[in-house]
Amino acid sequence: MIGLIITATISVVMIMVLLVVAGTFTWVERRLLGFVQERLGPNRVGPFGSLQWVADTVKILTKEDRPPPGADKLTYILAPAVAATPVLAGFGVVAFGDGLALAPVDVGVLFLLGMMGLTAYATVLGAWASNNRFSLMGGMRAAAQMLAYEVFLGLSLMGVVMLAGSLSMNAIVEAQQGVWFVVLQPLGAALFCIAGVAAAHRLPFDLPESENDLVAGFITEYTGMSFGLFFLGEYLAVLLVSALAVTLFFGGWQGPFLPGPVWFGLKTAVIAVVFVWLRATLPRPRYDQLLGFAWKIALPLSLLNLLLTGIVVVARSAS
């Protein structure tokens, strides 16, 4: 009986996450992009175009989905699932409220970093299995980008872990009762958000699928629901990075008057909208500029932030 209740709870949470991604967030993004770019955006299906995602889902499901000639069929089919599944699993350790997590493990931060890192495998496998030179170039770009930005993504949040003294999501949120960590760790928060955008392959860090020079990069040969799973994984990653940023730097579910889950949802939505704003306003850099920023600027800054935080923590414990 307990197992059924746990399974039902997990299923409801996962369905809600998928509905938010497939429906609300994609519609909000397309409407905001239309507003910023002085066009209408989707406005035909449903009130203000709010049901456009339903029409798009039907279209994706009815499209032919088959591997191209010369492709590694098994890997080609599995890669899209690998893109979405680890990110979806990452939501299992996210604390939506006080004690409201499907799996409140003590090393939740490490688990999330591991799940986010697995998405690089999906990109590389899909690119290699497609038997397309543009796809392969996009996969290599994704691997190099993930390697560069995952390094300082982890280092940027280590300052928070040191201040909270724990890798538990609940413990990190509770440690921010007096002051949010974004105040104590402004450099770490900025570096984490930059790395999070790159980890989600969002503009201006979408060079693995840059349509200007790679057609569509690693998803060039994908169509139908296989393309839809890559698309879903990207949007899930945006929400997961936003939820992690809220947990680490913006007080998690804490806030006055409103219930904790409501505060958590509002903060996550604000950061997700920032992702959309960046996509609408920033140009795409050259690939050497992107990697140069990661290794030459962001990594030294994250190490400096970690060093300064360590000095503060040691001085505080000594006193």
# chains A, B, ... in the order shown; residues from 1 in each chain; ligands from 1
call {"tool": "residues_around", "arguments": {"residues": "Lys267 (chain A)", "least_positions_apart": "5", "cutoff": "9 Å", "atoms": "only C-alpha atoms", "output": "list in words"}}
result
Ser242, Ala243, Val246, Phe250, Gly252, Trp253, Val262 and Ala272 of chain A
call {"tool": "residues_around", "arguments": {"residues": "Gly154 (chain A)", "least_positions_apart": "2", "cutoff": "10 Å", "atoms": "only C-alpha atoms", "output": "count of residues only"}}
result
15
call {"tool": "closest_residue", "arguments": {"among": "A:Leu32, A:Gln145, A:Val173, A:Ile311", "to": "Gly292 (chain A)", "atoms": "only C-alpha atoms"}}
result
A:Gln145
call {"tool": "residues_around", "arguments": {"residues": "Leu244 (chain A)", "least_positions_apart": "5", "cutoff": "9 Å", "atoms": "only C-alpha atoms", "output": "list in words"}}
result
Val94, Val109, Leu112, Met169, Leu239, Phe249, Gly252 and Thr268 of chain A
call {"tool": "residues_around", "arguments": {"residues": "region 84-90 of chain A", "least_positions_apart": "3", "cutoff": "8 Å", "atoms": "only C-alpha atoms", "output": "list of chain:residue names"}}
result
A:Met14, A:Pro80, A:Ala81, A:Val93, A:Val94, A:Phe111, A:Leu112, A:Met115, A:Met116, A:Leu118, A:Thr119, A:Leu229, A:Phe230, A:Leu232, A:Gly233, A:Glu234, A:Leu236, A:Ala237, A:Leu240
call {"tool": "write_last_selection", "arguments": {"atoms": "N, CA and C atoms", "output": "tab-separated table (two decimals), in the first residue's frame"}}
result
chain	number	residue	atom	x	y	z
A	14	MET	N	5.60	14.13	-11.51
A	14	MET	CA	6.22	14.10	-12.84
A	14	MET	C	5.26	14.60	-13.91
A	80	PRO	N	17.44	10.31	-27.47
A	80	PRO	CA	16.45	11.29	-26.98
A	80	PRO	C	15.93	10.98	-25.59
A	81	ALA	N	15.76	9.68	-25.29
A	81	ALA	CA	15.29	9.32	-23.95
A	81	ALA	C	16.33	9.66	-22.89
A	93	VAL	N	14.84	15.22	-6.20
A	93	VAL	CA	15.51	15.68	-4.98
A	93	VAL	C	15.28	17.16	-4.72
A	94	VAL	N	14.56	17.84	-5.60
A	94	VAL	CA	14.30	19.27	-5.40
A	94	VAL	C	13.28	19.44	-4.28
A	111	PHE	N	23.70	14.85	-6.48
A	111	PHE	CA	22.82	14.09	-7.36
A	111	PHE	C	22.36	14.94	-8.54
A	112	LEU	N	21.98	16.19	-8.27
A	112	LEU	CA	21.54	17.07	-9.35
A	112	LEU	C	22.65	17.34	-10.35
A	115	MET	N	23.00	14.30	-12.56
A	115	MET	CA	21.94	14.16	-13.55
A	115	MET	C	22.10	15.17	-14.69
A	116	MET	N	22.48	16.38	-14.35
A	116	MET	CA	22.69	17.39	-15.39
A	116	MET	C	23.86	17.03	-16.29
A	118	LEU	N	24.77	14.07	-17.17
A	118	LEU	CA	24.44	12.95	-18.06
A	118	LEU	C	23.82	13.41	-19.37
A	119	THR	N	23.29	14.61	-19.42
A	119	THR	CA	22.67	15.07	-20.67
A	119	THR	C	23.69	15.21	-21.79
A	229	LEU	N	11.52	14.81	-27.65
A	229	LEU	CA	12.17	14.47	-26.39
A	229	LEU	C	13.41	15.32	-26.15
A	230	PHE	N	14.20	15.59	-27.20
A	230	PHE	CA	15.32	16.52	-27.05
A	230	PHE	C	14.80	17.90	-26.64
A	232	LEU	N	11.99	18.57	-25.10
A	232	LEU	CA	11.50	18.48	-23.73
A	232	LEU	C	12.65	18.50	-22.74
A	233	GLY	N	13.72	17.77	-23.04
A	233	GLY	CA	14.87	17.75	-22.14
A	233	GLY	C	15.48	19.13	-21.95
A	234	GLU	N	15.52	19.92	-23.02
A	234	GLU	CA	16.08	21.27	-22.91
A	234	GLU	C	15.23	22.14	-21.99
A	236	LEU	N	13.11	21.09	-19.68
A	236	LEU	CA	13.22	20.57	-18.32
A	236	LEU	C	14.50	21.07	-17.66
A	237	ALA	N	15.58	21.12	-18.44
A	237	ALA	CA	16.86	21.60	-17.89
A	237	ALA	C	16.76	23.06	-17.46
A	240	LEU	N	14.96	23.02	-14.20
A	240	LEU	CA	15.77	22.41	-13.15
A	240	LEU	C	16.87	23.36	-12.69
call {"tool": "select_by_dssp", "arguments": {"residues": "region 66-299 of chain A", "states": "helix (DSSP H, G or I)", "output": "PyMOL selection string"}}
result
chain A and resi 73-93+108-129+133-164+169-174+181-184+186-199+207-209+211-214+217-219+224-249+260-281+287-299
call {"tool": "residues_around", "arguments": {"residues": "Pro68 (chain A)", "least_positions_apart": "6", "cutoff": "10 Å", "atoms": "only C-alpha atoms", "output": "list in words"}}
result
Tyr76, Ala129, Ser130, Asn131, Asn132, Glu221 and Tyr222 of chain A
call {"tool": "residues_around", "arguments": {"residues": "Gln176 (chain A)", "least_positions_apart": "4", "cutoff": "9 Å", "atoms": "only C-alpha atoms", "output": "VMD selection string"}}
result
chain A and resid 164 171 to 172 180 to 181 248 to 252 254
call {"tool": "closest_residue", "arguments": {"among": "A:Ala298, A:Asn43, A:Leu266, A:Leu100", "to": "Ala189 (chain A)", "atoms": "only C-alpha atoms"}}
result
A:Ala298
call {"tool": "closest_residue", "arguments": {"among": "A:Leu207, A:Ile194, A:Val182, A:Leu78", "to": "Arg284 (chain A)", "atoms": "only C-alpha atoms"}}
result
A:Leu207
